[in-house]
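Step one of this worksheet: look at the structure below.
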Amino acid sequence: MAEKEKNPNGAKGMTVIVKTISSWVKVLIFLFGIYIIITGHLTPGGGFAGGVILASSYVLLMLAFGREFVEENLSLPVASRLDCVGALLFAAVALFGLFFGAASFFYNYLHQDYLAEKETALRLISAGTIPLSNIAIGLKVGASLFLVVLVLSIFRPEPSGSKEERD
Amino acid sequence: MAIFYILLLFMIIGAIIAVETRDLLSSVICVGAVGFGGSLMFLFLRAPDIAITQIVVEVLGLIILIRATIARDRTFITGDREFFGMVVSVVIIFVIFLAGMKVFETLPSFGSPIFAEVPDAASLTYIKEGLRETGAANLVASVILDYRAYDTLGEATVLFTAIIGATVILRKKSKKLLEEPDV
(Lines give C-alpha, C1' and ligand atoms only; values in the text may rest on other atoms or scores of the structure.)
Protein backbone atom coordinates (compact mmCIF):
# COMPACT_ATOMS: atom_id res chain seq x y z
CA MET A 1 0.00 0.00 0.00
CA ALA A 2 2.81 2.42 0.82
CA GLU A 3 4.56 1.77 -2.47
CA LYS A 4 1.41 2.50 -4.41
CA GLU A 5 0.85 5.73 -2.52
CA LYS A 6 4.38 6.90 -3.17
CA ASN A 7 4.15 6.27 -6.87
CA PRO A 8 4.23 9.62 -8.65
CA ASN A 9 2.58 9.86 -12.07
CA GLY A 10 1.77 6.19 -11.85
CA ALA A 11 -1.43 4.42 -12.58
CA LYS A 12 -2.86 5.14 -9.15
CA GLY A 13 -2.60 8.90 -9.09
CA MET A 14 -0.18 11.51 -7.96
CA THR A 15 1.27 12.75 -4.69
CA VAL A 16 -0.67 14.08 -1.74
CA ILE A 17 -0.04 17.72 -2.60
CA VAL A 18 -1.47 17.33 -6.10
CA LYS A 19 -4.49 15.44 -4.80
CA THR A 20 -5.32 18.05 -2.17
CA ILE A 21 -4.96 21.04 -4.45
CA SER A 22 -6.88 19.43 -7.28
CA SER A 23 -9.75 18.49 -5.01
CA TRP A 24 -10.11 22.16 -4.11
CA VAL A 25 -9.58 23.53 -7.59
CA LYS A 26 -11.87 21.15 -9.49
CA VAL A 27 -14.99 22.87 -8.18
CA LEU A 28 -13.72 26.27 -9.35
CA ILE A 29 -12.94 24.95 -12.82
CA PHE A 30 -16.38 23.33 -13.10
CA LEU A 31 -18.10 26.51 -11.94
CA PHE A 32 -16.07 28.58 -14.39
CA GLY A 33 -17.11 26.26 -17.22
CA ILE A 34 -20.77 26.64 -16.28
CA TYR A 35 -20.33 30.43 -16.17
CA ILE A 36 -18.78 30.53 -19.64
CA ILE A 37 -21.65 28.44 -21.04
CA ILE A 38 -24.50 30.32 -19.40
CA THR A 39 -23.28 33.83 -20.25
CA GLY A 40 -22.33 32.84 -23.79
CA HIS A 41 -24.72 35.33 -25.30
CA LEU A 42 -23.34 38.25 -23.28
CA THR A 43 -19.59 37.76 -22.97
CA PRO A 44 -17.11 35.84 -25.13
CA GLY A 45 -17.17 32.11 -24.76
CA GLY A 46 -20.20 30.10 -25.60
CA GLY A 47 -20.99 26.44 -25.64
CA PHE A 48 -17.81 25.03 -27.17
CA ALA A 49 -15.27 26.70 -24.91
CA GLY A 50 -17.37 26.11 -21.81
CA GLY A 51 -17.86 22.45 -22.66
CA VAL A 52 -14.12 21.92 -23.05
CA ILE A 53 -13.55 23.58 -19.64
CA LEU A 54 -16.10 21.22 -18.06
CA ALA A 55 -14.34 18.23 -19.60
CA SER A 56 -10.96 19.47 -18.42
CA SER A 57 -12.11 19.60 -14.81
CA TYR A 58 -12.83 15.87 -14.98
CA VAL A 59 -9.54 15.24 -16.80
CA LEU A 60 -7.74 17.00 -13.93
CA LEU A 61 -9.38 14.57 -11.53
CA MET A 62 -8.43 11.67 -13.74
CA LEU A 63 -4.79 12.72 -13.79
CA ALA A 64 -4.58 13.34 -10.06
CA PHE A 65 -6.54 10.41 -8.67
CA GLY A 66 -6.42 7.73 -11.33
CA ARG A 67 -9.03 6.51 -13.71
CA GLU A 68 -11.03 4.27 -11.36
CA PHE A 69 -11.86 7.08 -8.98
CA VAL A 70 -13.43 9.13 -11.74
CA GLU A 71 -15.17 6.12 -13.27
CA GLU A 72 -17.15 5.58 -10.08
CA ASN A 73 -18.41 9.14 -10.35
CA LEU A 74 -19.06 9.42 -14.09
CA SER A 75 -18.72 6.08 -15.81
CA LEU A 76 -18.53 5.41 -19.52
CA PRO A 77 -22.23 4.58 -20.19
CA VAL A 78 -23.40 7.65 -18.25
CA ALA A 79 -21.00 9.92 -20.14
CA SER A 80 -22.06 8.60 -23.52
CA ARG A 81 -25.70 9.04 -22.60
CA LEU A 82 -25.06 12.62 -21.53
CA ASP A 83 -23.39 13.19 -24.88
CA CYS A 84 -26.43 11.90 -26.75
CA VAL A 85 -28.80 13.93 -24.54
CA GLY A 86 -26.87 17.07 -25.39
CA ALA A 87 -27.03 16.42 -29.12
CA LEU A 88 -30.75 15.55 -28.99
CA LEU A 89 -31.46 18.67 -26.93
CA PHE A 90 -29.79 20.80 -29.56
CA ALA A 91 -31.89 19.20 -32.30
CA ALA A 92 -35.05 19.54 -30.18
CA VAL A 93 -34.43 23.26 -29.61
CA ALA A 94 -34.10 23.63 -33.36
CA LEU A 95 -37.16 21.59 -34.25
CA PHE A 96 -39.52 23.35 -31.86
CA GLY A 97 -39.19 26.42 -34.02
CA LEU A 98 -41.25 24.66 -36.63
CA PHE A 99 -44.22 24.51 -34.30
CA PHE A 100 -44.16 28.17 -33.43
CA GLY A 101 -43.44 30.51 -36.26
CA ALA A 102 -43.59 27.78 -38.90
CA ALA A 103 -41.00 29.90 -40.64
CA SER A 104 -37.88 27.82 -40.64
CA PHE A 105 -35.62 25.42 -38.84
CA PHE A 106 -33.66 27.11 -36.01
CA TYR A 107 -36.09 29.97 -35.82
CA ASN A 108 -35.33 32.02 -32.72
CA TYR A 109 -38.93 31.79 -31.63
CA LEU A 110 -38.52 32.79 -28.02
CA HIS A 111 -37.09 36.15 -28.91
CA GLN A 112 -39.09 37.01 -31.97
CA ASP A 113 -42.52 36.26 -30.59
CA TYR A 114 -42.48 36.67 -26.85
CA LEU A 115 -39.71 38.98 -25.83
CA ALA A 116 -39.31 41.22 -28.82
CA GLU A 117 -41.51 43.90 -27.32
CA LYS A 118 -39.62 44.29 -24.08
CA GLU A 119 -36.15 45.76 -23.88
CA THR A 120 -34.12 42.82 -22.72
CA ALA A 121 -30.59 43.23 -23.83
CA LEU A 122 -27.58 42.46 -21.62
CA ARG A 123 -29.65 40.42 -19.24
CA LEU A 124 -29.17 36.78 -18.43
CA ILE A 125 -32.60 35.81 -19.72
CA SER A 126 -32.55 37.29 -23.17
CA ALA A 127 -31.75 36.33 -26.74
CA GLY A 128 -34.35 33.59 -26.98
CA THR A 129 -33.06 30.16 -27.83
CA ILE A 130 -29.40 31.13 -27.83
CA PRO A 131 -28.74 30.26 -24.14
CA LEU A 132 -30.60 26.98 -24.58
CA SER A 133 -28.46 26.07 -27.57
CA ASN A 134 -25.36 27.04 -25.62
CA ILE A 135 -26.30 24.76 -22.74
CA ALA A 136 -27.02 21.85 -25.09
CA ILE A 137 -23.74 22.29 -26.96
CA GLY A 138 -21.78 22.71 -23.72
CA LEU A 139 -23.20 19.47 -22.34
CA LYS A 140 -22.44 17.64 -25.56
CA VAL A 141 -18.88 18.87 -26.02
CA GLY A 142 -17.98 18.34 -22.38
CA ALA A 143 -19.28 14.78 -22.31
CA SER A 144 -17.63 14.00 -25.66
CA LEU A 145 -14.15 15.15 -24.70
CA PHE A 146 -14.34 13.46 -21.30
CA LEU A 147 -15.39 10.27 -23.09
CA VAL A 148 -12.41 10.48 -25.43
CA VAL A 149 -9.88 10.86 -22.63
CA LEU A 150 -11.55 8.10 -20.61
CA VAL A 151 -11.60 5.63 -23.50
CA LEU A 152 -8.02 6.48 -24.45
CA SER A 153 -6.86 5.84 -20.92
CA ILE A 154 -8.60 2.49 -20.68
CA PHE A 155 -7.00 1.34 -23.89
CA ARG A 156 -3.38 2.37 -24.10
CA PRO A 157 -0.69 0.75 -26.25
CA GLU A 158 2.30 -0.83 -24.55
CA PRO A 159 5.76 0.63 -25.27
CA SER A 160 6.79 -2.61 -26.93
CA GLY A 161 4.31 -1.91 -29.68
CA SER A 162 1.68 -4.55 -29.04
CA LYS A 163 -1.66 -3.19 -28.01
CA GLU A 164 -2.82 -4.28 -24.59
CA GLU A 165 -5.26 -2.90 -22.14
CA ARG A 166 -3.91 -1.13 -19.11
CA ASP A 167 -5.72 -0.79 -15.88
CA MET B 1 1.52 45.22 -36.18
CA ALA B 2 4.98 44.22 -35.00
CA ILE B 3 3.49 41.92 -32.40
CA PHE B 4 2.03 39.75 -35.15
CA TYR B 5 5.40 39.20 -36.78
CA ILE B 6 6.96 38.37 -33.43
CA LEU B 7 4.23 35.83 -32.68
CA LEU B 8 4.52 34.39 -36.18
CA LEU B 9 8.26 33.94 -35.77
CA PHE B 10 7.69 32.32 -32.39
CA MET B 11 5.18 29.88 -33.83
CA ILE B 12 7.35 29.01 -36.82
CA ILE B 13 10.41 28.37 -34.65
CA GLY B 14 8.30 26.28 -32.26
CA ALA B 15 6.85 24.22 -35.08
CA ILE B 16 10.25 23.57 -36.66
CA ILE B 17 11.70 22.48 -33.32
CA ALA B 18 8.66 20.26 -32.69
CA VAL B 19 9.21 18.47 -35.98
CA GLU B 20 12.99 18.23 -35.93
CA THR B 21 13.87 17.27 -32.38
CA ARG B 22 14.23 13.67 -31.30
CA ASP B 23 13.31 14.11 -27.67
CA LEU B 24 9.57 13.59 -27.27
CA LEU B 25 9.22 15.85 -24.23
CA SER B 26 10.69 18.83 -26.08
CA SER B 27 8.52 18.07 -29.07
CA VAL B 28 5.33 18.03 -27.02
CA ILE B 29 6.28 21.25 -25.23
CA CYS B 30 6.92 22.96 -28.57
CA VAL B 31 3.50 21.83 -29.83
CA GLY B 32 2.04 23.45 -26.73
CA ALA B 33 4.02 26.61 -27.41
CA VAL B 34 2.67 26.78 -30.97
CA GLY B 35 -0.89 26.48 -29.68
CA PHE B 36 -0.25 29.14 -27.06
CA GLY B 37 1.16 31.49 -29.71
CA GLY B 38 -1.92 30.89 -31.81
CA SER B 39 -4.16 31.78 -28.89
CA LEU B 40 -2.22 35.01 -28.28
CA MET B 41 -2.53 35.83 -31.96
CA PHE B 42 -6.30 35.39 -31.83
CA LEU B 43 -6.40 37.65 -28.79
CA PHE B 44 -4.48 40.40 -30.57
CA LEU B 45 -6.72 39.99 -33.61
CA ARG B 46 -9.71 40.90 -31.38
CA ALA B 47 -11.35 37.46 -31.34
CA PRO B 48 -11.70 36.45 -27.67
CA ASP B 49 -14.14 33.57 -28.28
CA ILE B 50 -11.67 31.74 -30.48
CA ALA B 51 -8.80 32.57 -28.12
CA ILE B 52 -10.60 30.93 -25.18
CA THR B 53 -11.49 27.85 -27.21
CA GLN B 54 -7.97 27.57 -28.66
CA ILE B 55 -6.20 27.70 -25.33
CA VAL B 56 -8.42 25.16 -23.58
CA VAL B 57 -8.46 22.72 -26.51
CA GLU B 58 -4.70 23.01 -26.83
CA VAL B 59 -4.20 22.24 -23.15
CA LEU B 60 -6.51 19.22 -23.40
CA GLY B 61 -4.72 18.04 -26.55
CA LEU B 62 -1.37 18.39 -24.80
CA ILE B 63 -2.62 16.23 -21.94
CA ILE B 64 -3.75 13.56 -24.38
CA LEU B 65 -0.41 13.71 -26.23
CA ILE B 66 1.62 13.44 -23.04
CA ARG B 67 -0.48 10.53 -21.80
CA ALA B 68 -0.13 8.77 -25.12
CA THR B 69 3.64 9.14 -25.46
CA ILE B 70 5.68 10.13 -22.43
CA ALA B 71 3.73 8.35 -19.72
CA ARG B 72 4.32 5.14 -21.64
CA ASP B 73 8.11 5.53 -21.23
CA ARG B 74 8.70 6.40 -24.86
CA THR B 75 11.02 9.36 -24.68
CA PHE B 76 12.98 9.22 -27.91
CA ILE B 77 11.99 8.99 -31.52
CA THR B 78 13.92 6.27 -33.25
CA GLY B 79 14.31 5.55 -36.92
CA ASP B 80 14.98 7.80 -39.85
CA ARG B 81 12.65 9.90 -41.87
CA GLU B 82 12.13 8.78 -45.42
CA PHE B 83 13.35 11.09 -48.13
CA PHE B 84 10.52 10.81 -50.65
CA GLY B 85 7.83 11.66 -48.12
CA MET B 86 9.73 14.72 -46.99
CA VAL B 87 10.17 15.97 -50.54
CA VAL B 88 6.49 15.47 -51.36
CA SER B 89 5.30 17.29 -48.24
CA VAL B 90 7.66 20.22 -48.79
CA VAL B 91 6.50 20.58 -52.41
CA ILE B 92 2.83 20.49 -51.41
CA ILE B 93 3.36 23.05 -48.65
CA PHE B 94 5.17 25.33 -51.08
CA VAL B 95 2.37 25.10 -53.66
CA ILE B 96 -0.27 25.85 -51.00
CA PHE B 97 1.83 28.78 -49.78
CA LEU B 98 1.99 30.29 -53.27
CA ALA B 99 -1.75 29.87 -53.75
CA GLY B 100 -2.37 31.41 -50.33
CA MET B 101 -0.28 34.47 -51.17
CA LYS B 102 -2.41 35.06 -54.24
CA VAL B 103 -5.63 34.71 -52.24
CA PHE B 104 -4.51 36.99 -49.42
CA GLU B 105 -3.85 39.83 -51.83
CA THR B 106 -7.56 40.03 -52.61
CA LEU B 107 -8.68 40.33 -48.99
CA PRO B 108 -9.23 43.80 -47.45
CA SER B 109 -6.60 44.89 -44.97
CA PHE B 110 -7.03 44.24 -41.28
CA GLY B 111 -9.22 46.90 -39.70
CA SER B 112 -11.30 47.80 -42.73
CA PRO B 113 -14.25 45.42 -42.90
CA ILE B 114 -15.65 43.93 -46.06
CA PHE B 115 -18.73 46.14 -46.11
CA ALA B 116 -16.51 49.15 -46.72
CA GLU B 117 -15.89 47.72 -50.18
CA VAL B 118 -19.05 45.68 -50.85
CA PRO B 119 -21.95 47.85 -49.67
CA ASP B 120 -24.57 45.15 -49.25
CA ALA B 121 -22.46 42.53 -47.53
CA ALA B 122 -24.14 40.30 -44.96
CA SER B 123 -21.84 41.47 -42.18
CA LEU B 124 -23.43 44.92 -42.26
CA THR B 125 -26.81 43.34 -41.52
CA TYR B 126 -25.32 41.36 -38.64
CA ILE B 127 -23.84 44.44 -37.04
CA LYS B 128 -26.84 46.69 -37.55
CA GLU B 129 -29.70 44.30 -36.83
CA GLY B 130 -27.96 41.75 -34.67
CA LEU B 131 -28.93 43.07 -31.25
CA ARG B 132 -32.48 43.95 -32.26
CA GLU B 133 -33.32 40.75 -34.10
CA THR B 134 -31.68 38.20 -31.83
CA GLY B 135 -31.33 39.97 -28.51
CA ALA B 136 -27.81 38.70 -27.90
CA ALA B 137 -25.19 41.24 -26.88
CA ASN B 138 -22.41 38.96 -28.10
CA LEU B 139 -22.67 39.26 -31.89
CA VAL B 140 -20.49 36.20 -32.43
CA ALA B 141 -23.00 34.08 -30.50
CA SER B 142 -25.86 35.61 -32.48
CA VAL B 143 -24.13 34.69 -35.74
CA ILE B 144 -23.17 31.14 -34.85
CA LEU B 145 -26.40 30.27 -33.06
CA ASP B 146 -29.06 32.26 -34.86
CA TYR B 147 -28.08 33.48 -38.29
CA ARG B 148 -25.81 30.54 -39.09
CA ALA B 149 -27.15 27.93 -36.72
CA TYR B 150 -27.18 25.31 -39.45
CA ASP B 151 -23.40 25.43 -39.63
CA THR B 152 -23.22 24.91 -35.87
CA LEU B 153 -25.45 21.87 -36.30
CA GLY B 154 -23.00 20.55 -38.87
CA GLU B 155 -20.05 21.17 -36.57
CA ALA B 156 -21.78 19.46 -33.65
CA THR B 157 -22.57 16.49 -35.90
CA VAL B 158 -18.94 16.20 -37.00
CA LEU B 159 -17.74 16.23 -33.39
CA PHE B 160 -20.38 13.68 -32.40
CA THR B 161 -19.43 11.36 -35.27
CA ALA B 162 -15.73 11.61 -34.50
CA ILE B 163 -16.30 10.71 -30.85
CA ILE B 164 -18.56 7.80 -31.82
CA GLY B 165 -15.90 6.57 -34.23
CA ALA B 166 -13.18 6.69 -31.59
CA THR B 167 -15.36 4.99 -28.99
CA VAL B 168 -16.47 2.24 -31.38
CA ILE B 169 -12.95 1.39 -32.48
CA LEU B 170 -11.75 1.11 -28.89
CA ARG B 171 -14.92 -0.59 -27.79
CA LYS B 172 -14.00 -4.26 -27.71
CA LYS B 173 -11.46 -3.98 -24.94
CA SER B 174 -13.47 -1.40 -23.04
CA LYS B 175 -16.53 -3.60 -23.10
CA LYS B 176 -14.54 -6.52 -21.83
CA LEU B 177 -13.25 -4.38 -18.99
CA LEU B 178 -16.72 -3.15 -18.12
CA GLU B 179 -18.14 -6.65 -17.95
CA GLU B 180 -15.52 -7.91 -15.57
CA PRO B 181 -16.91 -9.87 -12.64
CA ASP B 182 -16.45 -7.35 -9.91
CA VAL B 183 -19.98 -5.99 -10.34
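Simple scheme: letters A, B, ... for chains in C-alpha coordinates order, numbers from 1 for residues in each chain, numbers from 1 for ligands in the order shown.
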
I want to know what sits within 10 Å of Leu153 (chain B), based on only C-alpha atoms, with residues of the same chain fewer than 2 positions away left out; could you give that as a ChimeraX atom specification?
/A:87,90-91,94,106,137 /B:144-145,148-151,155-159

Which residues, written as number ranges by chain, have at least one atom at most 9 Å from Phe4 (chain B), with only C-alpha atoms counted and residues fewer than 4 positions away on the same chain left out?
B: 8-9, 41, 44-45

Rows by chain and residue number, chain B within 7 Å of chain A, shortest pair, only C-alpha atoms, as a tab-separated table:
```
residue	atom	partner	partner_atom	distance
B:Pro48	CA	A:Pro44	CA	6.0
B:Asp49	CA	A:Gly45	CA	4.9
B:Ile52	CA	A:Ala49	CA	6.3
B:Thr53	CA	A:Ala49	CA	4.6
B:Val56	CA	A:Val52	CA	6.6
B:Val57	CA	A:Val52	CA	6.7
B:Leu60	CA	A:Ser56	CA	6.7
B:Ile64	CA	A:Val149	CA	6.9
B:Arg72	CA	A:Pro159	CA	6.0
B:Asp73	CA	A:Pro159	CA	6.8
B:Arg74	CA	A:Pro159	CA	6.5
B:Thr134	CA	A:Ala127	CA	5.4
B:Gly135	CA	A:Ala127	CA	4.1
B:Ala136	CA	A:Ala127	CA	4.8
B:Ala137	CA	A:Leu42	CA	5.0
B:Asn138	CA	A:Leu42	CA	5.0
B:Ala141	CA	A:His41	CA	5.6
B:Leu145	CA	A:Ile130	CA	6.1
B:Asp146	CA	A:Asn108	CA	6.6
B:Ala149	CA	A:Phe106	CA	6.6
B:Ile163	CA	A:Ser144	CA	6.3
B:Thr167	CA	A:Val151	CA	6.7
B:Leu170	CA	A:Phe155	CA	6.9
B:Lys173	CA	A:Glu165	CA	6.9
B:Ser174	CA	A:Ile154	CA	6.7
```

Please indicate the distance in Å from CA of Met11 (chain B) to CA of Gly35 (chain B), rounded to one decimal place.
8.1 Å

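A straight line drawn from CA of Leu25 (chain B) to CA of Ala162 (chain B) is 27.3 Å long.
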
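Proximity of B:Ile77, B:Leu131, B:Ala121, B:Ala99 to Asp23 (chain B), computed with only C-alpha atoms, is greatest for B:Ile77.
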
Might you pull out every residue within 8 Å of region 17-24 of chain A, with only C-alpha atoms counted and same-chain residues fewer than 4 positions away left off, and present them as a PyMOL selection string?
chain A and resi 28+60-61+64-65

Could you pull out the alpha helix (DSSP H) residues of region 51-160 of chain B, going by DSSP on the backbone, and write them as number ranges by chain?
B: 51-69, 83-104, 122-134, 139-142, 149-160
